[in-house]
Amino acid sequence: MAFYGKGDSSWFTHDRFGMFIHWGLYSMPARHEWIRHYEEISNEDYQKYFEQFDPDLFDAREWAAAAKNAGMKYVVFTTKHHEGFCMFDSQYTDYKSTNTKCGRDLLREVVDAFRAEGLRIGLYHSLIDWHHPDFTIDSIHPLRNHPDREALNQGRDMSRYRTYLHNQAREILTNYGDIDIIWFDFSYPKAEYNPKGHDEWGSEELVKMIRSIRPSILINNRLDLPGSADITTPEQNTPEEPVRDENGNPVVWEGCQTFSGSWGYHRDELTWKSEKQCIDMLINHVARSGNLLMNVGPTSRGYLDHRAMERLQGFARWMKYCSRSIYGCGMAPEEFPEPRDSRYTYNPETRRLYLHLMNWPFKYINAKNLAGKVAYAQFLHDGSEVKIRENDPNAPHTHMSVNSSAGGISLMLPVVKPEITVPVIEIILK
Ligand code: GLC
């Protein structure tokens, strides 16, 4: 497999938690960012959104503050989604935010606001472009069922689109300061009609150009170019084991997830995850040495709606006390199997094991292979001691004994679950 350089993932695997932002013209129809695909909307019929787009309530500082309070350490923002509309002042197109009523370089405001809050910057950039005149109609294009599809494809020249794609990649990586992640989306080399993969994107040349501009940048794995990815990006699912490459080696991975059933703002989509589901998701990713990139879809007025804000505030309440079990943590050593209904995370620097009680047990929880190894244990939410009973294999079993296995311990708990979404016990090893 060819080698295309490697980005610096040390900060990434420490910080663990980021905000994904899907924002574009699709926030106006407000029924999914794939609206042009689902409803087979032509450029002409989609133009009304360009003409009316005016996010008058947009203040990137509000978004950045919400992300920081939630404990997020980086942001990935859609510079351009499949619709082709550019959220930045590109010199290569007129189809951009600075040419709408708002007249603003929205990417500039996002980058400045999030950087001011100390978050690192990632840029999502769609390889797909349903608006560009040279992007050939294919199996997922809005005009895929058009009766004149073949005629419409005449004259479309993907080499011209490739040049456009590379030029815009260069300008977003050059004009907006030091970018930490470039997040492309997505390749479909096995599609039935006009498939698109590394050849169509010019992925090899694109990666070499990116590395020449920002050698330490992190590149995701959607360019259809094996060996070029720093980050593997499962989405809308939570891996039960650490993600591995085709040779079985663990890779740096980041799961991206939505609060609801849509990445872009969707007014009527009601499958919003509970606060507990969201926090469980973060824990489940870090417990398998992954990152979580949690998505928000702002409204076309430019603000995060109450449903998104409520969940971000839920993260904020939990991370205020429990972020020590997330930052700098990953999967626990195999010698410590997870107790019932629990997840471990582990910080190898501090040698602290974090026991996340996903379901509140009655009075105690047993943990294997920790006898003689624990210096102290405490709840993170209030710093109160958690008393430990080491298992004495010779002690008589009575109707009152707790059945910890040999070499195990029992952590003694209050009967009533503490007032925090997922209680966490910090186990300080000797
Ligand atoms: C899926 C969605 C796309 C979104 C992406 C984020 O591919 O179709 O709209 O941007 O997930 O990973």
# chains A, B, ... in the order shown; residues from 1 in each chain; ligands from 1
$ residues_near_ligand --ligand "ligand 1" --cutoff "8 Å" --atoms "only C-alpha atoms and all ligand atoms" --output "ChimeraX atom specification"
/A:22,33-34,81-82,126,185-186,233,235,256-257,263-264
$ select_by_dssp --residues "region 221-334 of chain A" --states "helix (DSSP H, G or I)" --output "PyMOL selection string"
chain A and resi 275-286+306-325
$ write_last_selection --atoms "N, CA and C atoms" --output "tab-separated table (two decimals), in the first residue's frame"
chain	number	residue	atom	x	y	z
A	275	GLU	N	-30.80	12.71	26.44
A	275	GLU	CA	-29.51	13.13	27.01
A	275	GLU	C	-28.69	11.92	27.40
A	276	LYS	N	-29.33	10.93	28.02
A	276	LYS	CA	-28.62	9.70	28.46
A	276	LYS	C	-28.05	8.96	27.25
A	277	GLN	N	-28.81	8.84	26.17
A	277	GLN	CA	-28.29	8.17	24.97
A	277	GLN	C	-27.07	8.90	24.42
A	278	CYS	N	-27.10	10.22	24.46
A	278	CYS	CA	-25.97	11.01	23.93
A	278	CYS	C	-24.73	10.81	24.78
A	279	ILE	N	-24.88	10.85	26.09
A	279	ILE	CA	-23.72	10.69	26.97
A	279	ILE	C	-23.21	9.25	26.93
A	280	ASP	N	-24.13	8.29	26.88
A	280	ASP	CA	-23.72	6.89	26.71
A	280	ASP	C	-22.87	6.76	25.44
A	281	MET	N	-23.28	7.47	24.38
A	281	MET	CA	-22.58	7.37	23.10
A	281	MET	C	-21.13	7.85	23.24
A	282	LEU	N	-20.96	8.97	23.90
A	282	LEU	CA	-19.60	9.49	24.11
A	282	LEU	C	-18.76	8.48	24.89
A	283	ILE	N	-19.31	7.95	25.96
A	283	ILE	CA	-18.59	6.98	26.80
A	283	ILE	C	-18.25	5.74	25.97
A	284	ASN	N	-19.21	5.25	25.22
A	284	ASN	CA	-19.00	4.02	24.43
A	284	ASN	C	-17.92	4.21	23.36
A	285	HIS	N	-17.79	5.42	22.83
A	285	HIS	CA	-16.72	5.66	21.84
A	285	HIS	C	-15.35	5.68	22.51
A	286	VAL	N	-15.24	6.42	23.61
A	286	VAL	CA	-13.93	6.53	24.27
A	286	VAL	C	-13.52	5.19	24.90
A	306	HIS	N	-33.65	24.76	20.04
A	306	HIS	CA	-33.67	24.37	21.46
A	306	HIS	C	-33.36	22.89	21.66
A	307	ARG	N	-33.73	22.07	20.66
A	307	ARG	CA	-33.48	20.62	20.82
A	307	ARG	C	-31.99	20.35	20.84
A	308	ALA	N	-31.24	21.01	20.00
A	308	ALA	CA	-29.78	20.83	19.98
A	308	ALA	C	-29.16	21.44	21.23
A	309	MET	N	-29.62	22.63	21.61
A	309	MET	CA	-29.06	23.31	22.79
A	309	MET	C	-29.29	22.49	24.05
A	310	GLU	N	-30.47	21.89	24.18
A	310	GLU	CA	-30.75	21.08	25.38
A	310	GLU	C	-29.77	19.92	25.50
A	311	ARG	N	-29.44	19.30	24.40
A	311	ARG	CA	-28.50	18.16	24.44
A	311	ARG	C	-27.07	18.62	24.66
A	312	LEU	N	-26.71	19.74	24.09
A	312	LEU	CA	-25.37	20.29	24.35
A	312	LEU	C	-25.23	20.66	25.82
A	313	GLN	N	-26.31	21.21	26.40
A	313	GLN	CA	-26.26	21.54	27.83
A	313	GLN	C	-26.22	20.28	28.69
A	314	GLY	N	-26.82	19.21	28.19
A	314	GLY	CA	-26.72	17.93	28.90
A	314	GLY	C	-25.29	17.43	28.94
A	315	PHE	N	-24.61	17.55	27.78
A	315	PHE	CA	-23.18	17.20	27.76
A	315	PHE	C	-22.40	18.10	28.74
A	316	ALA	N	-22.75	19.39	28.74
A	316	ALA	CA	-22.02	20.35	29.59
A	316	ALA	C	-22.14	19.97	31.06
A	317	ARG	N	-23.36	19.61	31.49
A	317	ARG	CA	-23.57	19.23	32.89
A	317	ARG	C	-22.75	18.01	33.26
A	318	TRP	N	-22.63	17.07	32.34
A	318	TRP	CA	-21.90	15.83	32.67
A	318	TRP	C	-20.40	16.05	32.58
A	319	MET	N	-19.97	16.75	31.52
A	319	MET	CA	-18.52	16.94	31.31
A	319	MET	C	-17.92	17.86	32.37
A	320	LYS	N	-18.74	18.71	32.98
A	320	LYS	CA	-18.22	19.61	34.03
A	320	LYS	C	-17.54	18.79	35.12
A	321	TYR	N	-18.12	17.64	35.45
A	321	TYR	CA	-17.58	16.81	36.54
A	321	TYR	C	-16.80	15.60	36.02
A	322	CYS	N	-17.14	15.11	34.82
A	322	CYS	CA	-16.63	13.79	34.40
A	322	CYS	C	-15.65	13.83	33.24
A	323	SER	N	-15.23	15.02	32.81
A	323	SER	CA	-14.37	15.07	31.62
A	323	SER	C	-13.05	14.33	31.83
A	324	ARG	N	-12.66	14.12	33.12
A	324	ARG	CA	-11.41	13.39	33.38
A	324	ARG	C	-11.49	11.95	32.86
A	325	SER	N	-12.70	11.44	32.71
A	325	SER	CA	-12.84	10.06	32.21
A	325	SER	C	-12.87	10.01	30.69
$ residues_around --residues "Gly227 (chain A)" --least-positions-apart "3" --cutoff "9 Å" --atoms "only C-alpha atoms" --output "ChimeraX atom specification"
/A:1-5,221,230
$ closest_atom_pairs --of "region 161-197 of chain A" --to "region 205-217 of chain A" --cutoff "8 Å" --atoms "only C-alpha atoms" --output "Markdown table"
| residue | atom | partner | partner_atom | distance |
| --- | --- | --- | --- | --- |
| A:His166 | CA | A:Leu206 | CA | 6.3 |
| A:Ala169 | CA | A:Ile210 | CA | 7.8 |
| A:Arg170 | CA | A:Ile210 | CA | 7.2 |
| A:Leu173 | CA | A:Ile213 | CA | 7.3 |
| A:Thr174 | CA | A:Ile213 | CA | 7.4 |
| A:Asp178 | CA | A:Arg214 | CA | 7.8 |
| A:Ile179 | CA | A:Ile217 | CA | 6.8 |
| A:Asp180 | CA | A:Ile217 | CA | 4.9 |
| A:Ile181 | CA | A:Ile217 | CA | 5.5 |
| A:Ile182 | CA | A:Ile217 | CA | 7.1 |
$ residues_around --residues "Ile41 (chain A)" --least-positions-apart "6" --cutoff "10 Å" --atoms "only C-alpha atoms" --output "PyMOL selection string"
chain A and resi 35+47+130+141-143
$ write_last_selection --atoms "C-alpha atoms" --output "PDB file, in the first residue's frame"
ATOM      1  CA  ILE A  35     -33.188  17.121  -0.049  1.00  0.00           C
ATOM      2  CA  GLN A  47     -32.187  28.606  -6.779  1.00  0.00           C
ATOM      3  CA  TRP A 130     -24.778  18.532  -7.505  1.00  0.00           C
ATOM      4  CA  HIS A 141     -27.340  12.854  -8.521  1.00  0.00           C
ATOM      5  CA  PRO A 142     -30.662  14.765  -8.303  1.00  0.00           C
ATOM      6  CA  LEU A 143     -31.027  14.387 -12.119  1.00  0.00           C
TER       7      LEU A 143
END
$ select_by_dssp --residues "region 345-392 of chain A" --states "strand (DSSP E or B)" --output "number ranges by chain"
A: 345-347, 352-357, 364-367, 374-379, 385, 388-390
$ closest_residue --among "A:Leu292, A:Cys86, A:Met412, A:Leu57" --to "Thr13 (chain A)" --atoms "only C-alpha atoms"
A:Leu292
$ closest_residue --among "A:Asn359, A:Lys48, A:Arg115, A:Arg244" --to "Val416 (chain A)" --atoms "only C-alpha atoms"
A:Asn359
$ atom_distance --atom1 "CA of Glu419 (chain A)" --atom2 "CA of Lys363 (chain A)"
15.9 Å
$ residues_around --residues "Gly372 (chain A)" --least-positions-apart "2" --cutoff "10 Å" --atoms "only C-alpha atoms" --output "ChimeraX atom specification"
/A:369-370,374-375,390-391,407-409,429-430
$ write_last_selection --atoms "N, CA, C and O atoms" --output "PDB file, in the first residue's frame"
ATOM      1  N   ASN A 369     -10.132  -8.637  39.161  1.00  0.00           N
ATOM      2  CA  ASN A 369      -8.677  -8.448  39.014  1.00  0.00           C
ATOM      3  C   ASN A 369      -8.164  -7.134  39.585  1.00  0.00           C
ATOM      4  O   ASN A 369      -7.104  -6.666  39.181  1.00  0.00           O
ATOM      5  N   LEU A 370      -8.900  -6.544  40.520  1.00  0.00           N
ATOM      6  CA  LEU A 370      -8.438  -5.276  41.098  1.00  0.00           C
ATOM      7  C   LEU A 370      -8.014  -5.422  42.558  1.00  0.00           C
ATOM      8  O   LEU A 370      -7.529  -4.474  43.171  1.00  0.00           O
ATOM      9  N   VAL A 374      -5.801  -1.138  44.166  1.00  0.00           N
ATOM     10  CA  VAL A 374      -6.491   0.154  44.221  1.00  0.00           C
ATOM     11  C   VAL A 374      -6.015   0.979  45.409  1.00  0.00           C
ATOM     12  O   VAL A 374      -6.061   0.530  46.561  1.00  0.00           O
ATOM     13  N   ALA A 375      -5.551   2.191  45.138  1.00  0.00           N
ATOM     14  CA  ALA A 375      -5.135   3.105  46.215  1.00  0.00           C
ATOM     15  C   ALA A 375      -6.344   3.841  46.779  1.00  0.00           C
ATOM     16  O   ALA A 375      -6.445   4.062  47.987  1.00  0.00           O
ATOM     17  N   GLU A 390     -12.441  -5.897  49.425  1.00  0.00           N
ATOM     18  CA  GLU A 390     -11.668  -6.878  48.651  1.00  0.00           C
ATOM     19  C   GLU A 390     -12.215  -8.273  48.942  1.00  0.00           C
ATOM     20  O   GLU A 390     -12.527  -8.612  50.077  1.00  0.00           O
ATOM     21  N   ASN A 391     -12.296  -9.052  47.920  1.00  0.00           N
ATOM     22  CA  ASN A 391     -12.877 -10.375  48.085  1.00  0.00           C
ATOM     23  C   ASN A 391     -11.920 -11.298  48.835  1.00  0.00           C
ATOM     24  O   ASN A 391     -10.747 -11.385  48.521  1.00  0.00           O
ATOM     25  N   GLY A 407      -9.787 -12.377  43.624  1.00  0.00           N
ATOM     26  CA  GLY A 407      -8.970 -11.343  42.971  1.00  0.00           C
ATOM     27  C   GLY A 407      -9.769 -10.109  42.634  1.00  0.00           C
ATOM     28  O   GLY A 407      -9.240  -9.132  42.130  1.00  0.00           O
ATOM     29  N   GLY A 408     -11.080 -10.204  42.956  1.00  0.00           N
ATOM     30  CA  GLY A 408     -11.921  -9.060  42.611  1.00  0.00           C
ATOM     31  C   GLY A 408     -12.181  -8.173  43.804  1.00  0.00           C
ATOM     32  O   GLY A 408     -11.717  -8.453  44.914  1.00  0.00           O
ATOM     33  N   ILE A 409     -12.909  -7.120  43.553  1.00  0.00           N
ATOM     34  CA  ILE A 409     -13.319  -6.215  44.631  1.00  0.00           C
ATOM     35  C   ILE A 409     -14.796  -5.908  44.454  1.00  0.00           C
ATOM     36  O   ILE A 409     -15.358  -6.099  43.362  1.00  0.00           O
ATOM     37  N   LEU A 429      -5.192   3.665  40.749  1.00  0.00           N
ATOM     38  CA  LEU A 429      -4.436   2.422  40.941  1.00  0.00           C
ATOM     39  C   LEU A 429      -3.139   2.699  41.705  1.00  0.00           C
ATOM     40  O   LEU A 429      -2.576   3.797  41.630  1.00  0.00           O
ATOM     41  N   LYS A 430      -2.678   1.719  42.432  1.00  0.00           N
ATOM     42  CA  LYS A 430      -1.433   1.853  43.203  1.00  0.00           C
ATOM     43  C   LYS A 430      -0.226   1.975  42.262  1.00  0.00           C
ATOM     44  O   LYS A 430      -0.285   1.417  41.136  1.00  0.00           O
TER      45      LYS A 430
END
$ residues_around --residues "Gly155 (chain A)" --least-positions-apart "6" --cutoff "10 Å" --atoms "only C-alpha atoms" --output "PyMOL selection string"
chain A and resi 133-134+136
$ residues_around --residues "Pro242 (chain A)" --least-positions-apart "2" --cutoff "12 Å" --atoms "only C-alpha atoms" --output "list in words"
Thr232, Pro234, Thr238, Pro239, Glu240, Arg244, Asp245, Gly248, Asn249, Pro250, Val251, Val252, Trp253, Glu254, Gly255, Asn284, His285, Val286, Ala287, Arg288, Ser289, Gly290, Asn291, Gly330, Met331 and Ala332 of chain A
$ write_last_selection --atoms "N, CA, C and O atoms" --output "compact mmCIF listing (two decimals), in the first residue's frame"
# COMPACT_ATOMS: atom_id res chain seq x y z
N THR A 232 -10.26 6.95 10.61
CA THR A 232 -11.33 6.11 10.07
C THR A 232 -12.65 6.61 10.66
O THR A 232 -12.70 6.95 11.86
N PRO A 234 -16.40 5.72 11.04
CA PRO A 234 -17.73 5.08 11.06
C PRO A 234 -18.79 6.13 11.41
O PRO A 234 -18.49 7.10 12.13
N THR A 238 -22.18 2.64 16.72
CA THR A 238 -21.18 2.69 17.79
C THR A 238 -20.42 1.37 17.83
O THR A 238 -20.95 0.36 18.26
N PRO A 239 -19.18 1.34 17.32
CA PRO A 239 -18.41 0.09 17.31
C PRO A 239 -18.30 -0.52 18.72
O PRO A 239 -18.12 0.20 19.69
N GLU A 240 -18.45 -1.85 18.79
CA GLU A 240 -18.36 -2.53 20.09
C GLU A 240 -16.92 -2.92 20.42
O GLU A 240 -16.61 -3.30 21.54
N ARG A 244 -10.29 -1.51 13.60
CA ARG A 244 -8.99 -2.00 13.11
C ARG A 244 -8.92 -1.89 11.59
O ARG A 244 -9.93 -1.84 10.92
N ASP A 245 -7.70 -1.90 11.05
CA ASP A 245 -7.54 -1.87 9.59
C ASP A 245 -7.64 -3.29 9.04
O ASP A 245 -7.86 -4.25 9.79
N GLY A 248 -5.89 -5.93 10.82
CA GLY A 248 -6.22 -6.17 12.22
C GLY A 248 -5.52 -5.23 13.18
O GLY A 248 -5.62 -5.37 14.40
N ASN A 249 -4.84 -4.21 12.64
CA ASN A 249 -4.17 -3.25 13.52
C ASN A 249 -5.13 -2.15 13.95
O ASN A 249 -5.88 -1.63 13.10
N PRO A 250 -5.11 -1.77 15.24
CA PRO A 250 -6.00 -0.68 15.69
C PRO A 250 -5.68 0.60 14.90
O PRO A 250 -4.53 0.88 14.59
N VAL A 251 -6.74 1.35 14.56
CA VAL A 251 -6.54 2.62 13.86
C VAL A 251 -7.14 3.76 14.68
O VAL A 251 -7.97 3.52 15.57
N VAL A 252 -6.71 4.98 14.36
CA VAL A 252 -7.34 6.16 14.96
C VAL A 252 -8.72 6.29 14.33
O VAL A 252 -8.85 6.31 13.11
N TRP A 253 -9.76 6.32 15.20
CA TRP A 253 -11.10 6.36 14.61
C TRP A 253 -11.98 7.37 15.32
O TRP A 253 -11.74 7.73 16.48
N GLU A 254 -12.94 7.83 14.57
CA GLU A 254 -13.87 8.85 15.10
C GLU A 254 -15.27 8.51 14.58
O GLU A 254 -15.47 8.45 13.35
N GLY A 255 -16.19 8.27 15.51
CA GLY A 255 -17.56 8.02 15.09
C GLY A 255 -18.29 9.35 14.97
O GLY A 255 -18.13 10.22 15.83
N ASN A 284 -19.21 5.25 25.22
CA ASN A 284 -19.00 4.02 24.43
C ASN A 284 -17.92 4.21 23.36
O ASN A 284 -17.21 3.27 23.02
N HIS A 285 -17.79 5.42 22.83
CA HIS A 285 -16.72 5.66 21.84
C HIS A 285 -15.35 5.68 22.51
O HIS A 285 -14.43 4.98 22.07
N VAL A 286 -15.24 6.42 23.61
CA VAL A 286 -13.93 6.53 24.27
C VAL A 286 -13.52 5.19 24.90
O VAL A 286 -12.35 4.82 24.90
N ALA A 287 -14.51 4.43 25.36
CA ALA A 287 -14.21 3.12 25.99
C ALA A 287 -13.65 2.12 24.98
O ALA A 287 -13.14 1.06 25.36
N ARG A 288 -13.73 2.47 23.68
CA ARG A 288 -13.13 1.63 22.64
C ARG A 288 -12.08 2.43 21.87
O ARG A 288 -11.80 2.18 20.71
N SER A 289 -11.50 3.42 22.57
CA SER A 289 -10.39 4.24 22.05
C SER A 289 -10.76 5.02 20.79
O SER A 289 -9.92 5.20 19.89
N GLY A 290 -12.00 5.48 20.74
CA GLY A 290 -12.45 6.30 19.61
C GLY A 290 -12.83 7.70 20.05
O GLY A 290 -12.93 7.99 21.24
N ASN A 291 -13.01 8.56 19.04
CA ASN A 291 -13.53 9.92 19.26
C ASN A 291 -15.00 9.94 18.90
O ASN A 291 -15.47 9.10 18.13
N GLY A 330 -8.76 6.16 26.94
CA GLY A 330 -9.09 5.21 25.88
C GLY A 330 -9.53 3.91 26.51
O GLY A 330 -9.90 3.87 27.69
N MET A 331 -9.44 2.85 25.76
CA MET A 331 -9.90 1.53 26.24
C MET A 331 -9.02 1.06 27.39
O MET A 331 -7.81 1.29 27.40
N ALA A 332 -9.63 0.44 28.39
CA ALA A 332 -8.89 -0.06 29.55
C ALA A 332 -8.09 -1.31 29.18
O ALA A 332 -8.43 -2.02 28.22
$ atom_distance --atom1 "CA of Tyr327 (chain A)" --atom2 "CA of Ser384 (chain A)"
21.1 Å
$ decode --residues "region 283-294 of chain A" --atoms "N, CA and C atoms" --output "PDB file, in the first residue's frame"
ATOM      1  N   ILE A 283     -19.313   7.950  25.965  1.00  0.00           N
ATOM      2  CA  ILE A 283     -18.591   6.980  26.797  1.00  0.00           C
ATOM      3  C   ILE A 283     -18.255   5.737  25.975  1.00  0.00           C
ATOM      4  N   ASN A 284     -19.213   5.248  25.217  1.00  0.00           N
ATOM      5  CA  ASN A 284     -19.004   4.024  24.425  1.00  0.00           C
ATOM      6  C   ASN A 284     -17.920   4.210  23.363  1.00  0.00           C
ATOM      7  N   HIS A 285     -17.787   5.418  22.835  1.00  0.00           N
ATOM      8  CA  HIS A 285     -16.723   5.659  21.839  1.00  0.00           C
ATOM      9  C   HIS A 285     -15.354   5.675  22.505  1.00  0.00           C
ATOM     10  N   VAL A 286     -15.238   6.418  23.612  1.00  0.00           N
ATOM     11  CA  VAL A 286     -13.929   6.526  24.272  1.00  0.00           C
ATOM     12  C   VAL A 286     -13.522   5.191  24.901  1.00  0.00           C
ATOM     13  N   ALA A 287     -14.506   4.427  25.357  1.00  0.00           N
ATOM     14  CA  ALA A 287     -14.206   3.125  25.985  1.00  0.00           C
ATOM     15  C   ALA A 287     -13.646   2.121  24.977  1.00  0.00           C
ATOM     16  N   ARG A 288     -13.735   2.472  23.677  1.00  0.00           N
ATOM     17  CA  ARG A 288     -13.132   1.630  22.641  1.00  0.00           C
ATOM     18  C   ARG A 288     -12.080   2.431  21.869  1.00  0.00           C
ATOM     19  N   SER A 289     -11.501   3.422  22.573  1.00  0.00           N
ATOM     20  CA  SER A 289     -10.390   4.244  22.052  1.00  0.00           C
ATOM     21  C   SER A 289     -10.756   5.020  20.794  1.00  0.00           C
ATOM     22  N   GLY A 290     -12.001   5.482  20.738  1.00  0.00           N
ATOM     23  CA  GLY A 290     -12.451   6.300  19.612  1.00  0.00           C
ATOM     24  C   GLY A 290     -12.829   7.696  20.047  1.00  0.00           C
ATOM     25  N   ASN A 291     -13.008   8.559  19.043  1.00  0.00           N
ATOM     26  CA  ASN A 291     -13.529   9.920  19.258  1.00  0.00           C
ATOM     27  C   ASN A 291     -15.000   9.943  18.905  1.00  0.00           C
ATOM     28  N   LEU A 292     -15.704  10.933  19.449  1.00  0.00           N
ATOM     29  CA  LEU A 292     -17.084  11.175  19.037  1.00  0.00           C
ATOM     30  C   LEU A 292     -17.179  12.562  18.427  1.00  0.00           C
ATOM     31  N   LEU A 293     -17.707  12.609  17.196  1.00  0.00           N
ATOM     32  CA  LEU A 293     -17.973  13.882  16.521  1.00  0.00           C
ATOM     33  C   LEU A 293     -19.487  14.026  16.475  1.00  0.00           C
ATOM     34  N   MET A 294     -20.030  14.856  17.361  1.00  0.00           N
ATOM     35  CA  MET A 294     -21.482  14.960  17.557  1.00  0.00           C
ATOM     36  C   MET A 294     -22.002  16.127  16.740  1.00  0.00           C
TER      37      MET A 294
END
